[in-house]
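Peer 1: See my_file_14.cif below, with mmCIF, C-alpha atoms.
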```cif
data_input
loop_
_atom_site.label_atom_id
_atom_site.label_comp_id
_atom_site.auth_asym_id
_atom_site.auth_seq_id
_atom_site.Cartn_x
_atom_site.Cartn_y
_atom_site.Cartn_z
CA MET A 519 -79.35 17.68 44.00
CA VAL A 520 -76.64 19.84 45.57
CA TYR A 521 -77.11 21.63 48.89
CA ASN A 522 -74.26 23.64 50.41
CA GLY A 523 -71.75 21.87 48.18
CA ILE A 524 -73.07 18.41 49.01
CA ALA A 525 -74.69 16.24 46.34
CA ILE A 526 -77.23 13.83 47.76
CA THR A 527 -78.13 10.61 45.98
CA LEU A 528 -81.85 11.18 45.54
CA SER A 529 -82.76 7.51 45.01
CA TRP A 530 -81.34 6.84 48.47
CA ALA A 531 -82.78 9.96 50.13
CA PHE A 532 -86.29 9.30 48.81
CA VAL A 533 -86.60 6.15 50.91
CA GLN A 534 -85.31 7.65 54.16
CA THR A 535 -87.21 9.07 57.09
CA GLU A 536 -86.37 12.60 58.20
CA ASP A 537 -84.61 11.27 61.29
CA SER A 538 -82.57 8.64 59.47
CA PHE A 539 -81.60 11.18 56.81
CA LYS A 540 -80.49 13.79 59.34
CA GLN A 541 -78.58 11.25 61.38
CA HIS A 542 -76.84 9.83 58.32
CA GLU A 543 -75.76 13.14 56.84
CA ALA A 544 -74.97 14.91 60.13
CA HIS A 545 -71.22 14.51 59.60
CA HIS A 546 -71.12 17.27 56.97
CA GLY A 547 -71.16 19.88 59.73
CA LEU A 548 -74.56 21.36 58.88
CA SER A 549 -76.81 22.75 61.61
CA ASP A 550 -80.10 21.07 62.41
CA LYS A 551 -81.88 23.97 60.71
CA GLN A 552 -79.85 23.42 57.54
CA LEU A 553 -80.46 19.68 57.64
CA THR A 554 -84.19 20.33 57.93
CA GLU A 555 -84.08 22.75 55.02
CA TRP A 556 -82.14 20.20 52.95
CA TRP A 557 -84.66 17.50 53.88
CA LEU A 558 -87.58 19.72 52.81
CA LEU A 559 -85.91 20.46 49.47
CA ILE A 560 -85.50 16.71 48.93
CA GLN A 561 -89.18 16.18 49.76
CA ALA A 562 -90.10 18.79 47.15
CA LYS A 563 -87.97 16.91 44.60
CA LYS A 564 -89.63 13.66 45.63
CA LYS A 565 -93.10 15.15 45.17
CA ALA A 566 -92.16 16.43 41.71
CA TYR A 567 -90.73 13.02 40.82
CA VAL A 568 -93.88 11.20 42.01
CA ASP A 569 -96.15 13.67 40.18
CA ASP A 570 -94.12 13.21 36.98
CA THR A 571 -94.28 9.44 37.29
CA ILE A 572 -98.07 9.50 37.77
CA ALA A 573 -98.53 11.94 34.87
CA SER A 574 -96.46 9.86 32.46
CA SER A 575 -98.17 6.61 33.47
CA GLU A 576 -101.59 8.19 32.94
CA SER A 577 -100.54 9.47 29.51
CA GLY A 578 -99.18 6.06 28.60
CA LYS A 579 -95.64 7.31 28.24
CA PRO A 580 -92.85 5.22 29.72
CA MET B 1199 -56.33 -9.92 -31.96
CA ALA B 1200 -54.16 -10.08 -28.88
CA LEU B 1201 -54.73 -12.99 -26.63
CA SER B 1202 -54.82 -11.94 -22.97
CA LEU B 1203 -56.15 -12.99 -19.56
CA CYS B 1204 -55.79 -9.44 -18.26
CA SER B 1205 -59.49 -8.69 -18.59
CA SER B 1206 -60.20 -10.79 -15.53
CA SER B 1207 -57.39 -9.49 -13.30
CA VAL B 1208 -56.88 -5.80 -13.97
CA GLU B 1209 -58.81 -2.58 -14.11
CA ASN B 1210 -58.91 0.22 -16.65
CA LEU B 1211 -56.33 2.85 -15.95
CA GLY B 1212 -58.43 5.96 -16.05
CA GLU B 1213 -58.20 8.59 -13.32
CA LEU B 1214 -60.74 11.05 -12.02
CA ALA B 1215 -59.76 14.67 -11.69
CA CYS B 1216 -58.71 15.55 -8.14
CA ASP B 1217 -57.88 11.94 -7.30
CA LYS B 1218 -56.53 11.90 -3.74
CA SER B 1219 -53.13 10.74 -2.61
CA ARG B 1220 -51.50 10.90 0.79
CA GLY B 1221 -50.25 14.35 1.73
CA VAL B 1222 -47.67 15.31 4.33
CA GLY B 1223 -48.32 13.45 7.58
CA LYS B 1224 -49.92 15.60 10.26
CA LYS B 1225 -51.56 13.46 12.89
CA LEU B 1226 -51.75 9.86 13.90
CA PHE B 1227 -54.51 8.16 15.83
CA ILE B 1228 -54.25 4.80 17.53
CA PHE B 1229 -57.62 3.22 16.86
CA ASN B 1230 -58.20 -0.46 17.44
CA GLY B 1231 -61.93 -0.13 16.94
CA GLU B 1232 -64.11 0.07 13.88
CA VAL B 1233 -66.58 2.49 12.36
CA ALA B 1234 -69.74 0.95 10.94
CA ALA B 1235 -70.85 1.89 7.43
CA ALA B 1236 -73.80 3.90 8.72
CA ASP B 1237 -71.40 6.02 10.76
CA TYR B 1238 -69.18 6.97 7.81
CA ALA B 1239 -72.04 7.67 5.41
CA THR B 1240 -70.87 11.30 5.39
CA GLU B 1241 -67.56 12.89 6.37
CA ALA B 1242 -69.32 14.85 9.12
CA ALA B 1243 -70.83 11.68 10.56
CA LEU B 1244 -67.43 9.99 10.55
CA LEU B 1245 -65.76 12.90 12.34
CA ALA B 1246 -68.58 13.06 14.89
CA LYS B 1247 -68.19 9.34 15.57
CA LEU B 1248 -64.43 9.62 16.01
CA VAL B 1249 -64.89 12.58 18.36
CA GLU B 1250 -67.35 10.50 20.35
CA TYR B 1251 -64.92 7.57 20.43
CA SER B 1252 -62.12 9.80 21.73
CA LYS B 1253 -64.22 10.49 24.82
CA LEU B 1254 -64.77 6.83 25.61
CA SER B 1255 -63.08 5.09 28.49
CA LYS B 1256 -59.66 3.75 27.54
CA SER B 1257 -61.01 0.26 28.19
CA ALA B 1258 -63.63 0.60 25.44
CA GLY B 1259 -62.95 -1.33 22.24
CA ASN B 1260 -63.64 1.67 20.02
CA LYS B 1261 -61.46 4.09 21.96
CA ILE B 1262 -59.36 6.38 19.76
CA PHE B 1263 -56.07 7.78 21.09
CA PRO B 1264 -54.64 10.86 19.33
CA VAL B 1265 -50.85 10.52 19.37
CA GLY B 1266 -49.83 14.10 18.64
CA GLU B 1267 -48.95 16.57 15.93
CA MET B 1268 -46.17 15.39 13.62
CA GLN B 1269 -43.41 18.01 13.39
CA GLU B 1270 -41.00 16.19 11.11
CA LEU B 1271 -41.33 13.00 9.17
CA SER B 1272 -38.88 10.85 7.26
CA ASP B 1273 -39.48 7.74 5.22
CA SER B 1274 -37.62 4.74 6.62
CA SER B 1275 -39.47 2.06 4.71
CA GLU B 1276 -38.02 -1.37 4.30
CA ALA B 1277 -36.23 -1.81 0.96
CA ASN B 1278 -37.86 -3.92 -1.71
CA LYS B 1279 -36.39 -7.37 -2.02
CA GLU B 1280 -34.86 -7.73 -5.47
CA GLY B 1281 -33.79 -10.79 -7.37
CA SER B 1282 -31.63 -11.07 -10.46
CA LEU B 1283 -30.62 -13.48 -13.13
CA GLY B 1284 -26.96 -14.19 -13.75
CA LEU B 1285 -26.74 -11.78 -16.71
CA GLY B 1286 -28.14 -8.79 -14.87
CA PHE B 1287 -31.92 -8.85 -15.23
CA LYS B 1288 -33.44 -7.56 -12.01
CA ALA B 1289 -36.98 -7.61 -10.72
CA ILE B 1290 -38.71 -6.85 -7.45
CA LEU B 1291 -39.58 -10.06 -5.67
CA LEU B 1292 -41.16 -8.61 -2.55
CA GLU B 1293 -42.27 -5.11 -1.77
CA GLY B 1294 -40.79 -3.52 1.34
CA ARG B 1295 -43.17 -2.52 4.11
CA PRO B 1296 -43.67 1.18 4.75
CA ALA B 1297 -42.16 2.70 7.89
CA TYR B 1298 -41.60 6.26 9.09
CA GLN B 1299 -39.55 8.08 11.67
CA ILE B 1300 -41.62 10.88 13.11
CA LYS B 1301 -40.78 13.68 15.51
CA MET B 1302 -43.35 15.31 17.75
CA PHE B 1303 -43.37 17.40 20.90
CA ALA B 1304 -44.22 15.72 24.21
CA GLY B 1305 -43.10 16.07 27.80
CA ALA B 1306 -41.79 13.40 30.13
CA ASP B 1307 -45.21 12.41 31.43
CA LYS B 1308 -46.74 12.00 28.00
CA LEU B 1309 -43.69 10.08 26.80
CA LYS B 1310 -44.18 7.57 29.61
CA ARG B 1311 -47.76 7.13 28.49
CA LEU B 1312 -46.79 6.80 24.83
CA ARG B 1313 -44.14 4.20 25.63
CA LYS B 1314 -46.86 1.90 26.97
CA PHE B 1315 -47.68 1.34 23.29
CA ASN B 1316 -44.10 0.38 22.36
CA ASN B 1317 -43.99 -2.71 20.19
CA GLN B 1318 -47.66 -3.39 20.68
CA THR B 1319 -49.47 -4.32 17.50
CA VAL B 1320 -52.13 -1.67 17.09
CA ARG B 1321 -54.17 -0.12 14.32
CA VAL B 1322 -53.65 3.48 13.28
CA LEU B 1323 -55.46 6.11 11.24
CA GLU B 1324 -53.39 8.73 9.44
CA PHE B 1325 -54.42 12.33 8.95
CA ASP B 1326 -52.53 14.38 6.41
CA ALA B 1327 -51.98 18.05 5.69
CA ASN B 1328 -54.74 17.98 3.07
CA ASN B 1329 -57.28 17.22 5.82
CA THR B 1330 -57.62 13.68 4.57
CA LEU B 1331 -58.01 10.77 6.96
CA TRP B 1332 -56.60 7.45 5.81
CA GLY B 1333 -57.49 3.96 6.96
CA THR B 1334 -58.56 0.63 5.56
CA LYS B 1335 -61.63 -1.55 5.58
CA SER B 1336 -62.48 -4.83 7.23
CA GLY B 1337 -65.65 -6.05 5.57
CA THR B 1338 -67.75 -2.89 5.50
CA LYS B 1339 -66.14 -1.39 8.64
CA PHE B 1340 -63.63 1.46 8.49
CA VAL B 1341 -60.57 0.49 10.55
CA GLY B 1342 -56.96 1.53 11.02
CA PHE B 1343 -53.85 0.05 9.43
CA GLN B 1344 -52.04 -2.63 11.42
CA ALA B 1345 -48.81 -1.16 12.73
CA LYS B 1346 -46.19 -1.21 15.43
CA LEU B 1347 -45.02 1.94 17.20
CA PHE B 1348 -41.89 2.64 19.18
CA PHE B 1349 -41.42 5.90 21.08
CA THR B 1350 -38.12 7.31 22.37
CA GLY B 1351 -37.09 10.66 23.78
CA ASN B 1352 -36.46 12.65 26.96
CA LYS B 1353 -32.69 12.51 26.55
CA LEU B 1354 -30.50 15.47 27.46
CA ALA B 1355 -30.63 18.18 24.84
CA THR B 1356 -27.22 19.03 23.38
CA GLY B 1357 -27.95 22.69 22.74
CA GLN B 1358 -27.20 22.30 19.04
CA ASN B 1359 -30.71 21.86 17.68
CA VAL B 1360 -34.31 21.88 18.85
CA GLU B 1361 -34.14 18.70 20.91
CA GLU B 1362 -35.84 19.52 24.19
CA GLY B 1363 -39.28 17.91 24.38
CA ILE B 1364 -38.80 16.08 21.10
CA VAL B 1365 -40.16 12.56 21.03
CA THR B 1366 -39.15 10.41 18.08
CA PHE B 1367 -41.25 7.46 17.16
CA THR B 1368 -41.17 4.81 14.50
CA LEU B 1369 -44.34 3.83 12.73
CA SER B 1370 -43.94 0.43 11.11
CA ILE B 1371 -46.78 -0.68 8.87
CA LEU B 1372 -47.36 -4.42 8.93
CA SER B 1373 -49.34 -4.99 5.76
CA THR B 1374 -48.65 -3.43 2.36
CA SER B 1375 -51.91 -4.80 1.02
CA GLU B 1376 -53.85 -2.93 3.69
CA TYR B 1377 -51.73 0.19 3.43
CA LEU B 1378 -51.46 0.48 -0.34
CA ASP B 1379 -53.99 -1.73 -2.08
CA ASN B 1380 -56.84 -1.29 0.38
CA ALA B 1381 -56.38 2.24 1.66
CA TYR B 1382 -59.54 4.31 1.99
CA TYR B 1383 -59.87 7.97 2.81
CA ALA B 1384 -62.31 10.55 4.07
CA ALA B 1385 -61.88 14.26 3.33
CA ILE B 1386 -62.49 15.74 6.78
CA ASP B 1387 -64.30 19.05 6.65
CA GLY B 1388 -64.65 19.76 10.39
CA ASN B 1389 -62.12 20.34 13.13
CA ILE B 1390 -59.90 17.31 13.59
CA GLU B 1391 -58.77 18.81 16.92
CA ASP B 1392 -62.16 17.84 18.32
CA ILE B 1393 -60.71 14.33 18.59
CA VAL B 1394 -59.15 14.75 22.01
CA SER B 1395 -56.80 13.01 24.40
CA LEU B 1396 -57.88 12.36 27.96
CA ASN B 1397 -55.83 12.21 31.15
CA ASP B 1398 -56.19 9.32 33.57
CA VAL B 1399 -57.35 10.51 36.97
CA THR B 1400 -56.78 8.05 39.78
CA MET B 1401 -59.00 8.05 42.82
CA SER B 1402 -57.42 7.03 46.11
CA LYS B 1403 -58.67 6.78 49.67
CA VAL B 1404 -56.85 9.23 51.92
CA SER B 1405 -58.70 8.38 55.12
CA ASN B 1406 -62.07 7.32 56.40
CA VAL B 1407 -64.26 7.52 59.48
CA THR B 1408 -66.37 4.39 59.18
CA ASN B 1409 -68.63 4.90 56.13
CA VAL B 1410 -67.33 8.40 55.29
CA TRP B 1411 -64.35 8.28 52.94
CA GLU B 1412 -62.02 11.03 51.83
CA VAL B 1413 -61.06 10.38 48.21
CA LYS B 1414 -58.31 12.23 46.37
CA LEU B 1415 -58.41 12.67 42.59
CA GLU B 1416 -55.05 13.03 40.89
CA ILE B 1417 -53.39 12.87 37.50
CA PRO B 1418 -50.30 10.70 38.04
CA GLY B 1419 -47.09 12.33 36.90
CA SER B 1420 -43.33 12.31 37.09
CA ALA B 1421 -43.00 15.07 39.72
CA ILE B 1422 -41.51 13.31 42.73
CA VAL B 1423 -43.29 15.58 45.18
CA GLY B 1424 -46.69 14.40 44.07
CA SER B 1425 -49.30 14.04 41.41
CA TYR B 1426 -51.53 16.80 40.08
CA ASN B 1427 -54.64 17.16 42.25
CA ILE B 1428 -57.68 18.12 40.13
CA TYR B 1429 -59.60 19.38 43.17
CA ASP B 1430 -59.37 23.07 42.27
CA ASP B 1431 -60.33 22.40 38.66
CA TYR B 1432 -63.18 19.99 38.90
CA ALA B 1433 -64.19 18.93 42.45
CA ALA B 1434 -67.23 21.22 42.67
CA ALA B 1435 -68.33 20.28 39.15
CA LEU B 1436 -68.01 16.57 39.96
CA VAL B 1437 -70.15 17.04 43.05
CA ALA B 1438 -72.77 18.81 40.95
CA LEU B 1439 -72.59 16.07 38.34
CA HIS B 1440 -73.32 13.43 40.99
CA ALA B 1441 -76.90 14.72 41.00
CA THR B 1442 -77.47 13.54 37.41
CA SER B 1443 -74.68 11.06 36.66
CA PRO B 1444 -73.91 9.59 40.05
CA PHE B 1445 -70.79 7.94 41.33
CA THR B 1446 -71.52 4.32 42.18
CA ALA B 1447 -69.88 1.75 44.41
CA LYS B 1448 -69.70 -2.02 44.52
CA SER B 1449 -68.46 -4.45 47.12
CA GLY B 1450 -67.36 -8.05 47.40
CA ALA B 1451 -64.58 -10.11 45.88
CA THR B 1452 -66.08 -9.80 42.40
CA PHE B 1453 -67.70 -6.40 43.04
CA ALA B 1454 -71.09 -7.92 42.37
CA THR B 1455 -72.98 -6.16 45.19
CA ALA B 1456 -74.05 -2.54 44.85
CA LEU B 1457 -73.26 -0.31 47.81
CA ALA B 1458 -75.33 2.87 47.95
CA ILE B 1459 -73.51 6.19 48.00
CA THR B 1460 -75.69 8.61 49.89
CA SER B 1461 -73.80 11.83 49.23
CA ILE B 1462 -70.69 13.37 47.70
CA ALA B 1463 -69.22 16.62 48.97
CA VAL B 1464 -66.06 18.65 48.60
CA ASP B 1465 -63.52 18.75 51.42
CA ALA B 1466 -61.66 22.01 50.99
CA THR B 1467 -59.22 21.20 53.79
CA LEU B 1468 -57.98 17.88 52.44
CA LYS B 1469 -58.69 18.85 48.80
CA CYS B 1470 -60.66 15.65 48.48
CA LEU B 1471 -64.15 14.45 47.78
CA THR B 1472 -66.07 13.25 50.83
CA VAL B 1473 -67.90 10.10 49.78
CA THR B 1474 -70.53 8.81 52.18
CA PHE B 1475 -71.76 5.25 51.86
CA ASP B 1476 -75.03 4.00 53.32
CA ASN B 1477 -74.04 3.27 56.90
CA THR B 1478 -76.35 0.28 57.33
CA ALA B 1479 -75.07 -1.52 54.23
CA TYR B 1480 -71.50 -0.48 55.01
CA GLY B 1481 -71.80 -1.74 58.57
CA LEU B 1482 -72.85 -5.17 57.35
CA LEU B 1483 -69.65 -5.58 55.31
CA ALA B 1484 -66.87 -7.61 56.91
CA ALA B 1485 -63.56 -5.90 57.58
CA SER B 1486 -61.25 -5.88 54.53
CA THR B 1487 -64.13 -6.35 52.10
CA PRO B 1488 -63.00 -4.96 48.72
CA LEU B 1489 -64.86 -1.87 47.56
CA LYS B 1490 -64.85 -0.31 44.13
CA LEU B 1491 -65.73 3.34 43.54
CA ILE B 1492 -66.81 4.12 39.99
CA GLY B 1493 -67.05 7.67 38.69
CA PRO B 1494 -69.10 9.14 35.85
CA THR B 1495 -67.92 8.24 32.35
CA PRO B 1496 -65.73 10.62 30.32
CA ALA B 1497 -68.71 11.35 28.05
CA GLN B 1498 -70.93 12.23 31.01
CA MET B 1499 -68.23 14.49 32.41
CA ASP B 1500 -67.58 16.08 29.05
CA ALA B 1501 -71.27 16.98 28.75
CA ALA B 1502 -70.97 18.71 32.13
CA ASP B 1503 -67.90 20.68 31.01
CA ILE B 1504 -65.51 18.47 32.95
CA THR B 1505 -63.24 17.91 30.00
CA GLY B 1506 -60.08 16.00 29.25
CA ILE B 1507 -60.17 13.43 32.03
CA GLU B 1508 -61.20 9.86 32.72
CA LEU B 1509 -61.78 8.74 36.30
CA ILE B 1510 -60.12 5.39 36.89
CA ASP B 1511 -62.10 3.09 39.17
CA MET B 1512 -60.76 3.00 42.71
CA VAL B 1513 -60.38 -0.30 44.49
CA SER B 1514 -59.84 -0.24 48.23
CA VAL B 1515 -60.95 -2.22 51.26
CA LYS B 1516 -63.27 -1.49 54.16
#
```
Turn this file's structure into C-alpha cells for me.

Peer 2:
Amino acid sequence: MVYNGIAITLSWAFVQTEDSFKQHEAHHGLSDKQLTEWWLLIQAKKKAYVDDTIASSESGKP
Amino acid sequence: MALSLCSSSVENLGELACDKSRGVGKKLFIFNGEVAAADYATEAALLAKLVEYSKLSKSAGNKIFPVGEMQELSDSSEANKEGSLGLGFKAILLEGRPAYQIKMFAGADKLKRLRKFNNQTVRVLEFDANNTLWGTKSGTKFVGFQAKLFFTGNKLATGQNVEEGIVTFTLSILSTSEYLDNAYYAAIDGNIEDIVSLNDVTMSKVSNVTNVWEVKLEIPGSAIVGSYNIYDDYAAALVALHATSPFTAKSGATFATALAITSIAVDATLKCLTVTFDNTAYGLLAASTPLKLIGPTPAQMDAADITGIELIDMVSVK
C-alpha cells in the first residue's frame, strides 16, 4: 500500500499499535494528521484482509 | 543377393519436402539450461518458455542470455584431418569442428559484459534468418550446443570501414556429434525479440540514520563520472511494487535471520530509495552485522512494467 509515495509493508503494519506505527514512520516528514490518515487506511486494509480470510475459511477455500 | 550389414547401421535416404537446414545466422543465445519436453510440445510453448527464462535472475540455472544480432558471419571451422596412403589415396580421418567469426554491434559497456563469457564453456542456441531455432537434446530435454566464445572489440576505428561499435566474436563448437548428428530445430512463429537482455542494477547504501537507509540503484558502466541512476525511470514504480512484491532483508553472517522492512519511499533529493527497517529488530543487531537487501525478481518487476533490469542483492553492514 502506497501513501504519499511511501510503500508500507502491510504484514508489519498490521501488528503495530497506532502509536508505535506513527513513531516508527515519523521520519518521512508527514504531519500527524497525515500519519493518522495513513494509519486509518492501513486499518481499512487490515479489516478487508481479515474479512477475506474469514470468508475463505468458511467456504473451505485455502 | 548382396551381403551387407548396412541394414543395422544406416537409414533410408529419403527426404521430406521442405526439409530444414540451417539458414544465415541471425541471433545467438547463451543458454546453459534445459527445456523439458512438455515445454517444447509446440513452437509457441517453447518460445514462451524461453521468454520466461530470459527474465530469470542471472543466477538461475535456466537463464537465457541473448548475445546480439549478427551483422556479418564467416565460417572459420577447423579443417578436416586427412590421411593418405603412399600412392595418393586420401580419406578424411577426423572431421573438423565448426567455428564462426561473427560481427555484431555493441558499445563499450556491453562488450565488458560479453567478455565475462570469454573462453567459458557454455551452451548456445542458434537462431537463423528462416526463423528457425537450433539446439540439441540431452535425453528428452532441449539444450544448447556446447561451445566456447571469445569477444573482442572497442579498438580505435580507422575511418576506412564501419568499425565503430563493432564487436567480433568467435563461436567455437565443441562437439560435431551434437552440432551435426544431433541437431534439433523449432520453427519459431512468434517474436524472437521477446527474449530479452536484462541490465544488472546494483543497490548501494549511500547513508543511514540508524534504521533508515538511503539506497541508490545504478546500472554500472564505463563512464568515469558515475553509473546510470535508475531513480527517474523506476524508483516510484519500485515503491509501488513493494506493496505486492516486497523488498526483503536478512541479517547475520549467513543471512539466515529475516529483518522486517517496514516501508520503502522515494528520496527525490538524494535520488535514492529510503528503506526503513523495523527499529526494534535493527536495534538488537550488533554493530557491523552484515545485512542483505533483496529486491523483487526480474519477473515480478517485468509484470509491473519495470522492464529490462535485475536488482542485484546488496550486502552492507549495520

Peer 1: Between chain B and chain A, at 9 Å or less, what are the per-residue closest atom pairs and their distances in Å? Count all atoms listed in the file, order by chain and rising residue number, and return it as a Markdown table.

Peer 2:
```
| residue | atom | partner | partner_atom | distance |
| --- | --- | --- | --- | --- |
| B:Val1410 | CA | A:His545 | CA | 8.4 |
| B:Ala1434 | CA | A:Gly523 | CA | 7.2 |
| B:Val1437 | CA | A:Ala525 | CA | 5.7 |
| B:Ala1438 | CA | A:Val520 | CA | 6.1 |
| B:Leu1439 | CA | A:Ala525 | CA | 8.3 |
| B:His1440 | CA | A:Ala525 | CA | 6.2 |
| B:Ala1441 | CA | A:Met519 | CA | 4.9 |
| B:Thr1442 | CA | A:Met519 | CA | 8.0 |
| B:Pro1444 | CA | A:Thr527 | CA | 7.3 |
| B:Ala1458 | CA | A:Trp530 | CA | 7.2 |
| B:Ile1459 | CA | A:Thr527 | CA | 6.7 |
| B:Thr1460 | CA | A:Thr527 | CA | 5.0 |
| B:Ser1461 | CA | A:Ile526 | CA | 4.2 |
| B:Ile1462 | CA | A:Ala525 | CA | 5.1 |
| B:Ala1463 | CA | A:Ile524 | CA | 4.2 |
| B:Val1464 | CA | A:Gly523 | CA | 6.6 |
| B:Thr1472 | CA | A:Ile524 | CA | 8.9 |
| B:Thr1474 | CA | A:Glu543 | CA | 8.2 |
| B:Asp1476 | CA | A:His542 | CA | 7.9 |
| B:Asn1477 | CA | A:His542 | CA | 7.3 |
```

Peer 1: Would you write out, as a PyMOL selection string, every residue that the PyMOL selection byres ((chain B and resi 1336) around 12) captures in this file?

Peer 2: chain B and resi 1230-1235+1321+1333-1335+1337-1344+1376+1380-1382

Peer 1: As an exercise, work out the distance from CA of Ser1272 in chain B to CA of Tyr1298 in chain B in Å and give it to one decimal place.

Peer 2: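 Distance reported for this atom pair: 5.6 Å.
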
Peer 1: Pick out the residues sitting within 7 Å of range 1312-1318 of chain B, and hand them over as a list in words; count all atoms listed in the file, and ignore anything fewer than 4 positions along from it in its own chain.

Peer 2: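 Once the adjacent positions are removed, what remains is Lys1308, Lys1346, Leu1347, Phe1348 and Phe1349 of chain B.
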
Peer 1: Tell me, as a VMD selection string, which residues lie within 12 Å of Ala1454 in chain B, counting all atoms listed in the file; anything in the same chain fewer than 5 positions away does not count.

Peer 2: chain B and resid 1447 to 1449 1488 to 1490

Peer 1: Please, what distance in Å, to one decimal, runs between CA of Ser1255 in chain B and CA of Thr1495 in chain B?

Peer 2: 6.9 Å

Peer 1: Taking the file as shown, find all residues satisfying the PyMOL selection byres ((chain B and resi 1306) around 10) and write them as a PyMOL selection string.

Peer 2: chain B and resi 1304-1305+1307-1312+1351-1353+1363-1365+1419-1421

Peer 1: If you measure from CA of Ala1297 in chain B to CA of Asn1328 in chain B, what distance in Å do you get, rounded to one decimal?

Peer 2: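 Computing the Euclidean distance for CA of Ala1297 in chain B and CA of Asn1328 in chain B yields 20.4 Å.
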
Peer 1: Once the PyMOL selection byres ((chain B and resi 1263) around 8) has been applied to the shown file, what residues remain in the selection, as an MDAnalysis selection string?

Peer 2: chainID B and resid 1227:1229 1252 1261:1262 1264:1265 1394:1395

Peer 1: Extract, using all atoms listed in the file, all DNA, RNA and protein residues at most 10 Å from Thr554 in chain A, discarding same-chain residues fewer than 6 positions from it, and format them as number ranges by chain.

Peer 2: A: 536-537, 539-540, 548, 560

Peer 1: Env of range 561-564 of chain A: 9 Å cut, atoms = only C-alpha atoms, seq-sep filter 3 positions within chain, self excluded. Answer as JSON, numbers by chain.

Peer 2: {"A": [519, 528, 531, 532, 556, 557, 558, 567, 568, 569]}

Peer 1: Output C-alpha atoms of each residue in that selection to a file, as a CSV table (one decimal), keeping the file's coordinate frame.

Peer 2:
```
chain,number,residue,atom,x,y,z
A,519,MET,CA,-79.4,17.7,44.0
A,528,LEU,CA,-81.8,11.2,45.5
A,531,ALA,CA,-82.8,10.0,50.1
A,532,PHE,CA,-86.3,9.3,48.8
A,556,TRP,CA,-82.1,20.2,53.0
A,557,TRP,CA,-84.7,17.5,53.9
A,558,LEU,CA,-87.6,19.7,52.8
A,567,TYR,CA,-90.7,13.0,40.8
A,568,VAL,CA,-93.9,11.2,42.0
A,569,ASP,CA,-96.2,13.7,40.2
```

Peer 1: Just checking: using all atoms listed in the file, which residue out of B:Asn1278, B:Thr1350, B:Thr1400, B:Thr1478 ends up closest to Gln541 in chain A?

Peer 2: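 Answer, going by the shortest atom-to-atom distance: B:Thr1478.
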
Peer 1: Calculated over all atoms listed in the file, which of the candidates B:Val1473, B:Ile1492, B:Ile1507, B:Ala1243 has the smallest distance to Val1404 in chain B?

Peer 2: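 Smallest separation from Val1404 in chain B among the options: B:Val1473.
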
Peer 1: Using only C-alpha atoms, list the residues that have an atom at most 8 Å from (-41.2, -2.0, 5.7), coordinates as in the file, as a list in words.

Peer 2: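 The distance filter leaves exactly Ser1274, Ser1275, Glu1276, Ala1277, Gly1294, Arg1295, Pro1296, Ala1297, Ser1370, Ile1371 and Leu1372 of chain B.
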